[in-house]
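Undergrad: The following block contains the structure, expressed as structure tokens.
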Protein chains: 2
Amino acid sequence: MRRTVGEKPRRSWRSWLIGRPLPTADAPHQTIGKFIGLAVFSSDAMSSVAYAPQEILIILAAAGVTAFSYSIPLAFAIVGLLAIIIFSYEQTIHAYPNGGGSYIVARDNLGAFPAQVAAAALLTDYVLTVAVSVSSGVAQIASAFPFLYPWRVWVSVALVLFVMMVNLRGIRESGITFAIPTYFFIVMMYLTIGLGIIRWLTGTLGAVVDPPEMEFAQTLQTVTPFLLLKAFASGTSAVTGVEAIADGVPAFREPRSRNAGITLLMMACILGSLMLAITILAHQVSALPSESETLISQLARTVYGERGILYLMTIAATMIILVMAANTAFADFPRLSAIAATDGFLPRQLTYRGSRLVYSRGIMALAFIASGLIIVFQASVTRLIPLYAIGVFVSFTLSQAGMAHRWWKSGHLKAGEEKVERGSTLRFDPGWKYKMIINGFGASVTAVIAFVFGATKFTDGAWIVIILIPLQVFIFSSIHHHYRRVAERLSLEHFGAYPRISRHRVILLLGGVHRGSLAALRYARTLSDDITAVYVSIDPNEAAKIQKKWEIWGEGVRLVILDSPYRLFLEPLLEYIEEIDEQRQANEIITVVVPQFVPRHWWARFLHARTADTLRKVLLNRTEIVVTEVPYEVH
Amino acid sequence: MRRTVGEKPRRSWRSWLIGRPLPTADAPHQTIGKFIGLAVFSSDAMSSVAYAPQEILIILAAAGVTAFSYSIPLAFAIVGLLAIIIFSYEQTIHAYPNGGGSYIVARDNLGAFPAQVAAAALLTDYVLTVAVSVSSGVAQIASAFPFLYPWRVWVSVALVLFVMMVNLRGIRESGITFAIPTYFFIVMMYLTIGLGIIRWLTGTLGAVVDPPEMEFAQTLQTVTPFLLLKAFASGTSAVTGVEAIADGVPAFREPRSRNAGITLLMMACILGSLMLAITILAHQVSALPSESETLISQLARTVYGERGILYLMTIAATMIILVMAANTAFADFPRLSAIAATDGFLPRQLTYRGSRLVYSRGIMALAFIASGLIIVFQASVTRLIPLYAIGVFVSFTLSQAGMAHRWWKSGHLKAGEEKVERGSTLRFDPGWKYKMIINGFGASVTAVIAFVFGATKFTDGAWIVIILIPLQVFIFSSIHHHYRRVAERLSLEHFGAYPRISRHRVILLLGGVHRGSLAALRYARTLSDDITAVYVSIDPNEAAKIQKKWEIWGEGVRLVILDSPYRLFLEPLLEYIEEIDEQRQANEIITVVVPQFVPRHWWARFLHARTADTLRKVLLNRTEIVVTEVPYEVH
């Protein structure tokens, strides 16, 4: 018998359990076009232009203001890197029409260990996306409203908790929810840049009035290759988030790979042009990198000539897209967890994504870790950046190395031959060498960058991530090992059968003789004829009353009264159960039946013992003892 | 059948449950003499001389240093008050050889409402005993080691948590544990006072060298009756804790009432003499009340002439007895809770005092509330005092009014007639009028003082307690009402019988087909022949495998596969259970059997769902559905 349920949860008595509807990317029946797709999948990537140009300047500042001119070639280098990554991901999108996240690509093509590394890198990345995006968002508002600056840590934490609450409540995310803020951001950015270029060309742009104060080091460094590499590494934070479209291919309208591919190109063009334009214009207006006023803010007020409505709209748009970027991490984290859990690397409960309980825990964990990072790093984007991009580049590398290996394998098939491996179809492709070179080149470049990043930023905080990723991999492996061992031990191979249960003893726990205990007795009688009622007595008078009442109502079931002179409750009971257990014969099972009062009001819960829960906890390692509670209630 | 167990809990697998042995006062077989009795029951009372004289001066300081001389008559007035209370309590001790705490006396003689007021006042009092004693104890050490002064709040909180930990671990309190610090304190106090008097009489005492700085108000008040009443009210904190012996009569060796009575007198003499001597000597050496150095410290260093070993021993003795006083509140709080719970005013689980779970909660609640008070009131005894004594005097009043009413009742019996009321024997007493007058007078005096205290300290914080006590009474009444209503509804009067269960349907939840699920099937078969196995499927391939395996191993039990396209788990299951429930016939019962994996390591707990717990929570209000988990484990 087979049935489909769960599509229209309705009744209120379990509404507290219903998780939020799955995000757009997962809904199987509703697909989106390029216009909405761009909005849904690119907030993370595009929002990074709010901090990447500034982070380049902060590193260059070690060599003084004159070094700032290096920011322009560095921005071009980053756009070049973006092009390589995009080129590489275009191939992933066409090879994985069902979604090719780094984890899946690494798992299918490289094996379990690289997949675990990718998962660790990505989970770290999601946490940092929340911390960096929210910190940068708050830095934007604090630029417009400087009185917020001293409170930036707590405003950031409050914002993270707000996004957490929104995700816990379960908002219904639609394409429109994403489209409005994303396009608002794109419009405001191009307006700022366009007007900036016009004023530059007409010679009316000028420099930032009253720029923020900046501290330069006492002795300026010279511009070394190391410094340039470090500045470049900071700038690579601009390419974080570009893998989102490759993850989300199945959400696109057919031909989905084609639509997703075009969207990826659109996003790359917007991201690249913003990155270049902001860097160049910021240099033109002599903006200074600072914790107290962001580059975007300095640029916007110089272009608009005042802190007017357009300025505020630009700041607001930037802030909102940064919060949207954090929000996507809240959707990605449980999704990746579910996939990794299916493969046995994370607790299996995460497989079922709908269960709100599991969902909530993941969402809260993400929020609390991100808040912790914000507090430790004082909501400073500059101090968080060294932790950020390394995970991203590790996952890029693994994903593209996986793709390269895939082309190599497909090159060794015969023409026209097809091979299905873990849900994705491998077929011979005449251009496999060319494609392998593209992905292989992408993998090499991103591997080098991951290495450069780790080396240049090691002491600034990258070491934390370099420890965290192997640690996570160790945890994943331990979990995997645990599940495998359990599965082996529970396996039915070479298993005969359990002997039939020969005797079923029931212990009925009495708190008194009333309708509730009679309901439990009634239930106990369906289990076995061998029932013993047990009452723990701290007052002999009370016990005598119970005994009399039981003689009338107990249907002849024998009653054992456990005197407890020290007014203990659980200890005498456990001792009695243990005695019974010691007399237990082979294939005899014991069930402890506990009447459980169910109050009508939540507060009354505290007025009634949860004896069954406690017994169950204590007796859980006794496989031949089952604790059953029979609920009774006041109607 | 009847058996006594629980006297020698032994096995380790439940050692985590074993509460600490009951404090000396409760142990039925071990009684104590006057010498130990004085130590056990008087730390709370005697320790109050560490702060009461100082608190009088702090109030008088509003009228300048010249007003300090009023402290001596006020100390005499307080000793007079002490005499009245002691006189009154002597009668309680003889009337209640089984222990006559305020709650019991009020309940037995005045009724449920005054008893609830007494309970509320006492519980508030215990919390404040902890906060005041520990704050005063830390003020003593900070006097000797001034570098601790800025940390006094956190040192106090740490000390409260330390006492909490000691109580959670369950120390075995013996008479000796109490005797050493108490007699150490008495010796050090009399040494300080004796030497002080000798030096005073020989004219070598002098004044405090380098007294602490004190801020006087800009405009000095004149000495008004209100000010004197307020100072007197502060000083009444000296008589807190004297009811402890009346509570603890049964702990004394026979003739217990006589022994307890003598001990009470001894305690009163020591307390009274210390109160007077400290006040007089402090005035003599011109000690100034201050938050940074206590009166005891100023007195001791003046008497000993230096901050030497005797000085440090005096400070240490004072500090230790104050911590002992806090410790007794940790024993009294659960004891009173247990008694009030037996009467249905508090959650019934508290009746069983031995259960460590319940114990721990009470101890932790007390520690956290007291810590909260310490933090809010910055570990300032002066700021805590306005909250303190009001509860004490309310309970004194109720206890003595109860006694007065008791004598009145006994006066209306015939000579030689006896009447047993709630465990205490009422018999005609020829001197009933005289005794009624004593207790009545005590009640009137303490009632007036409670009123004076509330009025003079209202704005200083007494209002908090004046709100808290009625609030607690409201909670107690609500709990009482709840239990009564439940008892009525569950009553078996006019109850016929439940119809016998005609059909027992079992739903066996499968997570897979393995030894664990077969163990659960084996159990399920003992419950009923009507079993349906249910599997929630998110992957059709997996479901097909399960189905095949079940055909081999399922012993012909039918299997329902619930497809869950949205990857929900609980929702489809609940919907299915609800469907079954809707078809349920009269007197049909449903049991959901859930195989529960029990891991060997605690961390593995997180890797396995606790489905049964969740189902039980959701289905708890369905009285005809029972959720049973069958544990299975890896050996």
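By order of appearance in the structure tokens: chains A, B, ..., then residues from 1 within every chain, and ligands from 1 in the order shown.
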Find the residues around range 182-191 of chain A up to 6 Å (only C-alpha atoms counted), leave out those fewer than 4 positions away in its own chain, and share them as a PyMOL selection string.
TA: chain A and resi 39+195+314+317
Undergrad: Suppose we keep C-alpha atoms; can you now write the selection as a JSON list (two decimals), in the first residue's frame?
TA:
```json
[["chain", "number", "residue", "atom", "x", "y", "z"],
["A", 39, "ALA", "CA", 17.39, 38.22, -8.42],
["A", 195, "LEU", "CA", 26.04, 59.97, -12.63],
["A", 314, "THR", "CA", 21.78, 54.03, -2.23],
["A", 317, "ALA", "CA", 19.68, 49.45, -1.18]]
```
Undergrad: If we count only C-alpha atoms, what is near range 368-376 of chain B at a cut-off of 10 Å, once residues fewer than 2 positions away on the same chain are taken out, given as a VMD selection string?
TA: chain B and resid 126 to 132 134 to 135 152 to 154 156 to 161 164 362 to 366 378 to 381 383 to 384
Undergrad: Smallest atom-to-atom distance to Thr628 in chain A: which of A:Val592, A:Leu398, A:Ala63, A:Ile475, using only C-alpha atoms?
TA: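 Of all the options, A:Val592 lies closest to Thr628 in chain A.
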Undergrad: Residues at most 12 Å from Ser257 in chain A, counting only C-alpha atoms, excluding those fewer than 6 positions away in the same chain, as a compact mmCIF listing (two decimals) with C-alpha atoms, in the first residue's frame?
TA:
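Heads up, here's the output in part_17.txt:
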```txt
# COMPACT_ATOMS: atom_id res chain seq x y z
CA GLY A 33 12.85 32.73 -15.69
CA LYS A 34 16.08 34.61 -16.11
CA TYR A 89 30.83 27.14 -13.98
CA GLU A 90 29.07 27.45 -17.33
CA GLN A 91 30.27 23.92 -17.99
CA THR A 92 29.06 22.70 -14.62
CA ILE A 93 25.60 24.10 -15.29
CA HIS A 94 25.30 22.18 -18.53
CA ALA A 95 26.69 18.99 -17.05
CA TYR A 96 24.50 19.14 -13.95
CA PRO A 97 21.00 20.20 -14.98
CA ASN A 98 19.80 18.90 -11.57
CA GLY A 99 22.05 21.24 -9.65
CA GLY A 100 25.78 21.05 -9.34
CA ILE A 245 23.28 29.63 -9.84
CA ALA A 246 25.03 26.30 -10.45
CA ASP A 247 23.30 24.98 -7.29
CA GLY A 248 19.96 26.26 -8.43
CA VAL A 249 19.71 25.07 -12.05
CA PRO A 250 16.58 22.96 -11.46
CA ALA A 251 14.67 26.07 -10.41
CA THR A 263 21.68 34.25 -16.04
CA LEU A 264 25.17 33.39 -14.81
```
Undergrad: Tell me, in Å to one decimal, how far CA of His504 in chain B is from CA of Thr623 in chain B.
TA: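 Separation of CA of His504 in chain B and CA of Thr623 in chain B: 13.6 Å.
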Undergrad: List the spatial neighbours of Lys549 in chain B as a PyMOL selection string - criterion: any atom at most 12 Å away, only C-alpha atoms, same-chain residues fewer than 3 positions off excluded.
TA: (chain A and resi 491-493) or (chain B and resi 510+512-515+517-518+542-546+552-556+559)
Undergrad: Looking at B:Thr192, B:Thr31, B:Ser48, B:Thr425, which one is nearest to Asn109 in chain B, with distances taken over only C-alpha atoms?
TA: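 Nearest to Asn109 in chain B: B:Thr425.
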Undergrad: One decimal, in Å: what's the spacing between CA of Leu227 in chain B and CA of Gly64 in chain B?
TA: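 Going from CA of Leu227 in chain B over to CA of Gly64 in chain B, I get 11.9 Å.
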Undergrad: CA of His480 in chain B and CA of Thr397 in chain B, how far apart in Å?
TA: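 CA of Thr397 in chain B sits 23.7 Å away from CA of His480 in chain B.
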Undergrad: Could you find all residues in range 105-250 of chain B that DSSP calls alpha helix (DSSP H) from the backbone, and write them as JSON, numbers by chain?
TA: {"B": [105, 106, 107, 108, 109, 110, 112, 113, 114, 115, 116, 117, 118, 119, 120, 121, 122, 123, 124, 125, 126, 127, 128, 129, 130, 131, 132, 133, 134, 135, 136, 137, 138, 139, 140, 141, 142, 143, 144, 152, 153, 154, 155, 156, 157, 158, 159, 160, 161, 162, 163, 164, 165, 166, 167, 168, 169, 175, 176, 177, 178, 179, 180, 181, 182, 183, 184, 185, 186, 187, 188, 189, 190, 191, 192, 193, 194, 195, 196, 197, 198, 199, 200, 201, 225, 226, 227, 228, 229, 230, 231, 232, 233, 234, 235, 244, 245, 246, 247]}
Undergrad: Mind dumping the selected residues with C-alpha atoms as a short mmCIF file (atom, residue, chain, number, x, y, z; two decimals), in the first residue's frame?
TA:
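Final file, result-v3.cif:
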```cif
data_model
loop_
_atom_site.label_atom_id
_atom_site.label_comp_id
_atom_site.auth_asym_id
_atom_site.auth_seq_id
_atom_site.Cartn_x
_atom_site.Cartn_y
_atom_site.Cartn_z
CA VAL B 105 1.33 26.63 63.11
CA ALA B 106 -0.56 29.03 60.85
CA ARG B 107 -2.09 26.18 58.86
CA ASP B 108 -3.19 24.13 61.86
CA ASN B 109 -4.66 27.02 63.81
CA LEU B 110 -5.62 29.74 61.37
CA ALA B 112 -5.32 27.68 54.56
CA PHE B 113 -5.10 31.36 53.64
CA PRO B 114 -2.85 32.49 56.52
CA ALA B 115 -0.74 29.38 55.91
CA GLN B 116 -0.21 30.42 52.31
CA VAL B 117 0.77 33.91 53.42
CA ALA B 118 3.26 32.38 55.85
CA ALA B 119 4.67 30.14 53.13
CA ALA B 120 5.07 33.08 50.77
CA ALA B 121 6.74 35.18 53.46
CA LEU B 122 9.10 32.36 54.40
CA LEU B 123 10.12 31.48 50.85
CA THR B 124 10.87 35.17 50.21
CA ASP B 125 12.79 35.22 53.46
CA TYR B 126 14.98 32.26 52.44
CA VAL B 127 15.96 33.91 49.18
CA LEU B 128 16.86 37.11 51.03
CA THR B 129 18.77 35.23 53.71
CA VAL B 130 21.05 33.95 50.96
CA ALA B 131 21.45 37.36 49.33
CA VAL B 132 21.96 39.34 52.55
CA SER B 133 24.22 36.84 54.30
CA VAL B 134 26.51 36.33 51.35
CA SER B 135 26.69 40.06 50.59
CA SER B 136 27.54 40.75 54.22
CA GLY B 137 30.10 37.93 54.23
CA VAL B 138 31.83 39.40 51.19
CA ALA B 139 31.72 42.87 52.77
CA GLN B 140 33.67 41.37 55.70
CA ILE B 141 36.42 39.95 53.49
CA ALA B 142 36.51 43.13 51.42
CA SER B 143 37.12 45.03 54.68
CA ALA B 144 40.23 42.95 55.29
CA ARG B 152 32.20 42.35 45.56
CA VAL B 153 29.21 41.65 43.31
CA TRP B 154 30.96 38.88 41.42
CA VAL B 155 32.65 37.45 44.49
CA SER B 156 29.19 37.26 46.10
CA VAL B 157 27.67 35.58 43.07
CA ALA B 158 30.57 33.13 42.94
CA LEU B 159 30.02 32.35 46.61
CA VAL B 160 26.29 31.74 46.06
CA LEU B 161 27.13 29.43 43.16
CA PHE B 162 29.69 27.66 45.33
CA VAL B 163 27.10 27.04 48.06
CA MET B 164 24.74 25.88 45.32
CA MET B 165 27.31 23.42 43.98
CA VAL B 166 27.99 22.08 47.45
CA ASN B 167 24.27 21.53 47.91
CA LEU B 168 23.87 19.97 44.48
CA ARG B 169 26.72 17.55 45.09
CA GLY B 175 26.51 18.26 63.66
CA ILE B 176 30.26 18.79 63.63
CA THR B 177 30.14 20.57 60.29
CA PHE B 178 27.97 23.15 62.01
CA ALA B 179 29.56 23.12 65.42
CA ILE B 180 33.08 24.11 64.42
CA PRO B 181 32.28 27.33 62.56
CA THR B 182 29.51 28.37 64.94
CA TYR B 183 31.59 27.98 68.07
CA PHE B 184 34.57 29.52 66.31
CA PHE B 185 32.39 32.56 65.64
CA ILE B 186 31.08 32.70 69.22
CA VAL B 187 34.60 32.45 70.62
CA MET B 188 36.00 35.13 68.32
CA MET B 189 33.10 37.47 69.06
CA TYR B 190 33.38 37.14 72.82
CA LEU B 191 37.15 37.50 72.60
CA THR B 192 36.80 40.73 70.62
CA ILE B 193 34.11 42.09 72.92
CA GLY B 194 35.81 40.96 76.13
CA LEU B 195 39.15 42.47 75.16
CA GLY B 196 37.34 45.58 73.96
CA ILE B 197 35.59 46.03 77.30
CA ILE B 198 38.84 45.50 79.22
CA ARG B 199 40.64 48.08 77.06
CA TRP B 200 37.69 50.45 77.45
CA LEU B 201 37.71 50.10 81.24
CA PRO B 225 10.39 59.53 65.40
CA PHE B 226 10.13 58.35 61.79
CA LEU B 227 13.90 58.21 61.51
CA LEU B 228 14.17 56.31 64.78
CA LEU B 229 11.48 53.86 63.68
CA LYS B 230 13.29 53.37 60.41
CA ALA B 231 16.59 52.72 62.18
CA PHE B 232 14.80 50.34 64.53
CA ALA B 233 13.28 48.55 61.53
CA SER B 234 16.74 48.07 60.05
CA GLY B 235 17.97 46.71 63.36
CA ALA B 244 14.83 27.79 63.25
CA ILE B 245 14.85 25.96 66.57
CA ALA B 246 11.04 25.80 66.68
CA ASP B 247 11.17 24.18 63.23
#
```
Undergrad: With only C-alpha atoms as the basis for distance, which of A:Ser42, A:Gln218, A:Gln583, A:Gln547 is at the shortest distance from chain B?
TA: A:Gln547
